[in-house]
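Trainee: For reference, the structure I am asking about is given below.
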Amino acid sequence: PRSISTISENLQSKMKASLVLLATFATRSAAFAPASTTAFSRNMSTNAVPLANGAMSFDRVCREWRCKYSGDKATSESLEEISKLVDEYLPQIKAASKDATVNRLICGGCLDFKLMTTVPLEDFGPWEEGGHVPEAEFLEKLKKIEGVSQVETQTITNMII
């Protein structure tokens, strides 16, 4: 005959084994769960516009001004003149929004110059309605720089992820 203490010890041992098995299954079963469809939501602000069936979104819009310059990037006179123009207009460009960011991109291989001004979505509409000031004036002067060609603009989303 088994004593009550032996039966109790066996029961406790079986319960511990069951709990370990249950805990192991619970932590491993997540690997087989379907992927979350809201994984990107942690990066979405409350006013973000969804894209790609909710897989992406944006709450910042960028206005890009671009052109081709001539010469070697290290000694290009046209690139030097572009730099002076940017310096002249940078305060006005940044005035598009208190949260504006301005990026300058230069490719020495294909001779691209790009100036990208990104603003929050709520600030883009008023800036666009006003003509992206000082875009027209800036581009007019950019086109007059010797060695500059293919002056273009583009509006795109620009999100930090």
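Each chain in the structure tokens gets a letter, A, B and so on, in the order shown; residues start at 1 in every chain, and ligands are counted from 1 in the order they appear.
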Env of A:Met116: 10 Å cut, atoms = only C-alpha atoms, seq-sep filter 6 positions within chain, self excluded. Answer as number ranges by chain.
Mentor: A: 61-66, 93, 101-105, 153-156, 158
Trainee: Would you mind reading off the distance between atom CA of A:His132 and atom CA of A:Ala96, one decimal, in Å?
Mentor: 7.6 Å
Trainee: Residues within 12 Å of A:Leu85, please, as JSON, numbers by chain. Count only C-alpha atoms; anything in the same chain fewer than 6 positions from it doesn't count.
Mentor: {"A": [78, 79, 91, 92, 93, 115, 134, 135, 137, 138, 139, 140, 141, 142, 143, 144, 145]}
Trainee: Using only N, CA, C and O atoms, please write the residues we just selected to a file, as a tab-separated table (two decimals), in the first residue's frame.
Mentor:
chain	number	residue	atom	x	y	z
A	78	SER	N	29.63	74.76	-61.69
A	78	SER	CA	28.17	74.80	-61.62
A	78	SER	C	27.68	74.32	-60.25
A	78	SER	O	26.76	74.90	-59.67
A	79	LEU	N	28.33	73.31	-59.70
A	79	LEU	CA	27.96	72.82	-58.37
A	79	LEU	C	28.26	73.86	-57.31
A	79	LEU	O	27.50	74.04	-56.36
A	91	PRO	N	17.09	79.67	-45.62
A	91	PRO	CA	16.14	80.14	-44.59
A	91	PRO	C	14.69	80.16	-45.09
A	91	PRO	O	13.77	79.76	-44.35
A	92	GLN	N	14.46	80.56	-46.33
A	92	GLN	CA	13.10	80.57	-46.88
A	92	GLN	C	12.57	79.15	-47.07
A	92	GLN	O	11.39	78.89	-46.85
A	93	ILE	N	13.43	78.25	-47.50
A	93	ILE	CA	13.03	76.85	-47.69
A	93	ILE	C	12.61	76.24	-46.36
A	93	ILE	O	11.55	75.61	-46.25
A	115	LEU	N	17.78	68.60	-54.00
A	115	LEU	CA	17.47	69.26	-52.74
A	115	LEU	C	16.08	68.78	-52.35
A	115	LEU	O	15.11	68.96	-53.10
A	134	PRO	N	10.13	78.93	-51.72
A	134	PRO	CA	10.49	79.81	-52.84
A	134	PRO	C	10.82	79.05	-54.13
A	134	PRO	O	11.71	79.46	-54.89
A	135	GLU	N	10.10	77.95	-54.39
A	135	GLU	CA	10.45	77.07	-55.51
A	135	GLU	C	10.61	77.80	-56.85
A	135	GLU	O	11.63	77.64	-57.53
A	137	GLU	N	11.13	80.90	-57.77
A	137	GLU	CA	12.27	81.82	-57.82
A	137	GLU	C	13.60	81.05	-57.81
A	137	GLU	O	14.53	81.36	-58.57
A	138	PHE	N	13.69	80.04	-56.94
A	138	PHE	CA	14.89	79.23	-56.83
A	138	PHE	C	15.17	78.53	-58.16
A	138	PHE	O	16.31	78.56	-58.67
A	139	LEU	N	14.16	77.89	-58.75
A	139	LEU	CA	14.35	77.14	-59.98
A	139	LEU	C	14.70	78.06	-61.15
A	139	LEU	O	15.49	77.69	-62.03
A	140	GLU	N	14.12	79.25	-61.17
A	140	GLU	CA	14.45	80.22	-62.22
A	140	GLU	C	15.94	80.56	-62.18
A	140	GLU	O	16.62	80.59	-63.21
A	141	LYS	N	16.45	80.80	-60.99
A	141	LYS	CA	17.88	81.11	-60.84
A	141	LYS	C	18.74	79.88	-61.13
A	141	LYS	O	19.83	80.00	-61.70
A	142	LEU	N	18.26	78.70	-60.72
A	142	LEU	CA	19.01	77.46	-60.95
A	142	LEU	C	19.20	77.23	-62.45
A	142	LEU	O	20.29	76.86	-62.90
A	143	LYS	N	18.16	77.47	-63.23
A	143	LYS	CA	18.22	77.26	-64.68
A	143	LYS	C	19.21	78.21	-65.36
A	143	LYS	O	19.71	77.89	-66.44
A	144	LYS	N	19.50	79.33	-64.75
A	144	LYS	CA	20.42	80.31	-65.34
A	144	LYS	C	21.89	80.01	-65.06
A	144	LYS	O	22.77	80.64	-65.62
A	145	ILE	N	22.16	79.03	-64.18
A	145	ILE	CA	23.55	78.68	-63.87
A	145	ILE	C	24.14	77.91	-65.04
A	145	ILE	O	23.57	76.91	-65.50
Trainee: Fewer than 5 positions away in the same chain doesn't count, so skip those; otherwise give me all residues within 7 Å of A:Phe113, counting only C-alpha atoms, as a list in words.
Mentor: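 Counting only the stated atoms, we get Arg66, Cys67, Lys68, Tyr69, Leu105, Ile106 and Cys107 of chain A.
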Trainee: Enter the distance from atom CA of A:Met159 to atom CA of A:Asp59, in Å, rounded to one decimal.
Mentor: 7.3 Å
Trainee: Hey, can you check how far atom CA of A:Ala48 sits from atom CA of A:Pro120?
Mentor: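 Spanning atom CA of A:Ala48 to atom CA of A:Pro120 is a straight-line distance of 9.9 Å.
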Trainee: Write down as an NGL selection string the residues belonging to stretch 63-117 of chain A that are assigned helix (DSSP H, G or I) by DSSP computed on the backbone.
Mentor: :A and (77-94)
Trainee: Where in stretch 58-141 of chain A does DSSP assign strand (DSSP E or B), given as a PyMOL selection string?
Mentor: chain A and resi 58+60-68+101-107+112-120
Trainee: Let's have the selection written as a compact mmCIF listing (two decimals), in the first residue's frame, with N, CA, C and O atoms.
Mentor:
# COMPACT_ATOMS: atom_id res chain seq x y z
N PHE A 58 2.34 57.03 -44.54
CA PHE A 58 3.19 58.21 -44.53
C PHE A 58 2.50 59.34 -43.81
O PHE A 58 1.27 59.43 -43.80
N ARG A 60 4.64 62.36 -43.75
CA ARG A 60 5.56 63.42 -44.17
C ARG A 60 5.64 63.40 -45.69
O ARG A 60 5.66 62.34 -46.30
N VAL A 61 5.69 64.59 -46.28
CA VAL A 61 5.74 64.70 -47.73
C VAL A 61 6.97 65.53 -48.11
O VAL A 61 7.32 66.48 -47.43
N CYS A 62 7.59 65.13 -49.20
CA CYS A 62 8.83 65.75 -49.64
C CYS A 62 8.63 66.41 -51.01
O CYS A 62 7.99 65.85 -51.89
N ARG A 63 9.19 67.58 -51.15
CA ARG A 63 9.25 68.24 -52.46
C ARG A 63 10.71 68.23 -52.86
O ARG A 63 11.58 68.74 -52.14
N GLU A 64 10.98 67.60 -53.99
CA GLU A 64 12.35 67.45 -54.47
C GLU A 64 12.58 68.39 -55.65
O GLU A 64 11.77 68.46 -56.57
N TRP A 65 13.68 69.12 -55.62
CA TRP A 65 14.16 69.94 -56.74
C TRP A 65 15.44 69.29 -57.19
O TRP A 65 16.35 69.06 -56.38
N ARG A 66 15.56 69.02 -58.47
CA ARG A 66 16.75 68.31 -58.95
C ARG A 66 17.22 68.85 -60.29
O ARG A 66 16.44 69.44 -61.04
N CYS A 67 18.48 68.58 -60.58
CA CYS A 67 19.07 68.98 -61.85
C CYS A 67 20.34 68.18 -62.08
O CYS A 67 20.79 67.45 -61.20
N LYS A 68 20.88 68.36 -63.24
CA LYS A 68 22.20 67.83 -63.58
C LYS A 68 23.18 69.00 -63.53
O LYS A 68 22.84 70.12 -63.92
N THR A 101 12.64 69.42 -42.81
CA THR A 101 14.01 68.93 -42.92
C THR A 101 14.44 69.12 -44.37
O THR A 101 13.64 68.90 -45.29
N VAL A 102 15.67 69.54 -44.57
CA VAL A 102 16.18 69.76 -45.91
C VAL A 102 17.41 68.89 -46.09
O VAL A 102 18.35 68.97 -45.30
N ASN A 103 17.39 68.05 -47.12
CA ASN A 103 18.51 67.18 -47.44
C ASN A 103 19.07 67.55 -48.80
O ASN A 103 18.32 67.81 -49.73
N ARG A 104 20.38 67.55 -48.89
CA ARG A 104 21.07 67.80 -50.16
C ARG A 104 21.73 66.49 -50.58
O ARG A 104 22.46 65.88 -49.81
N LEU A 105 21.47 66.06 -51.82
CA LEU A 105 22.05 64.84 -52.34
C LEU A 105 22.85 65.17 -53.60
O LEU A 105 22.36 65.90 -54.47
N ILE A 106 24.05 64.64 -53.69
CA ILE A 106 24.91 64.87 -54.85
C ILE A 106 25.49 63.53 -55.28
O ILE A 106 26.05 62.81 -54.46
N CYS A 107 25.34 63.23 -56.56
CA CYS A 107 25.95 62.02 -57.12
C CYS A 107 27.07 62.46 -58.06
O CYS A 107 26.80 63.14 -59.07
N ASP A 112 24.10 64.22 -60.57
CA ASP A 112 22.81 64.64 -60.04
C ASP A 112 23.00 65.55 -58.84
O ASP A 112 23.84 65.28 -57.97
N PHE A 113 22.19 66.58 -58.78
CA PHE A 113 22.06 67.42 -57.59
C PHE A 113 20.59 67.38 -57.21
O PHE A 113 19.72 67.58 -58.06
N LYS A 114 20.30 67.12 -55.94
CA LYS A 114 18.92 67.09 -55.46
C LYS A 114 18.83 67.84 -54.14
O LYS A 114 19.69 67.68 -53.27
N LEU A 115 17.78 68.60 -54.00
CA LEU A 115 17.47 69.26 -52.74
C LEU A 115 16.08 68.78 -52.35
O LEU A 115 15.11 68.96 -53.10
N MET A 116 15.97 68.14 -51.19
CA MET A 116 14.72 67.53 -50.76
C MET A 116 14.25 68.20 -49.48
O MET A 116 14.94 68.15 -48.46
N THR A 117 13.07 68.81 -49.54
CA THR A 117 12.48 69.45 -48.37
C THR A 117 11.29 68.61 -47.94
O THR A 117 10.34 68.43 -48.71
N THR A 118 11.35 68.09 -46.72
CA THR A 118 10.29 67.23 -46.20
C THR A 118 9.59 67.95 -45.06
O THR A 118 10.24 68.50 -44.16
N VAL A 119 8.26 67.92 -45.12
CA VAL A 119 7.43 68.59 -44.10
C VAL A 119 6.34 67.62 -43.63
O VAL A 119 5.98 66.69 -44.36
N PRO A 120 5.81 67.84 -42.43
CA PRO A 120 4.68 67.02 -41.99
C PRO A 120 3.49 67.17 -42.95
O PRO A 120 3.30 68.23 -43.56
Trainee: Determine the nearest neighbour of A:Glu146 from the options A:Ser83, A:Asn53, A:Ser97, A:Ser70, counting only C-alpha atoms.
Mentor: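 Ranking A:Ser83, A:Asn53, A:Ser97, A:Ser70 by distance to A:Glu146, first place goes to A:Ser70.
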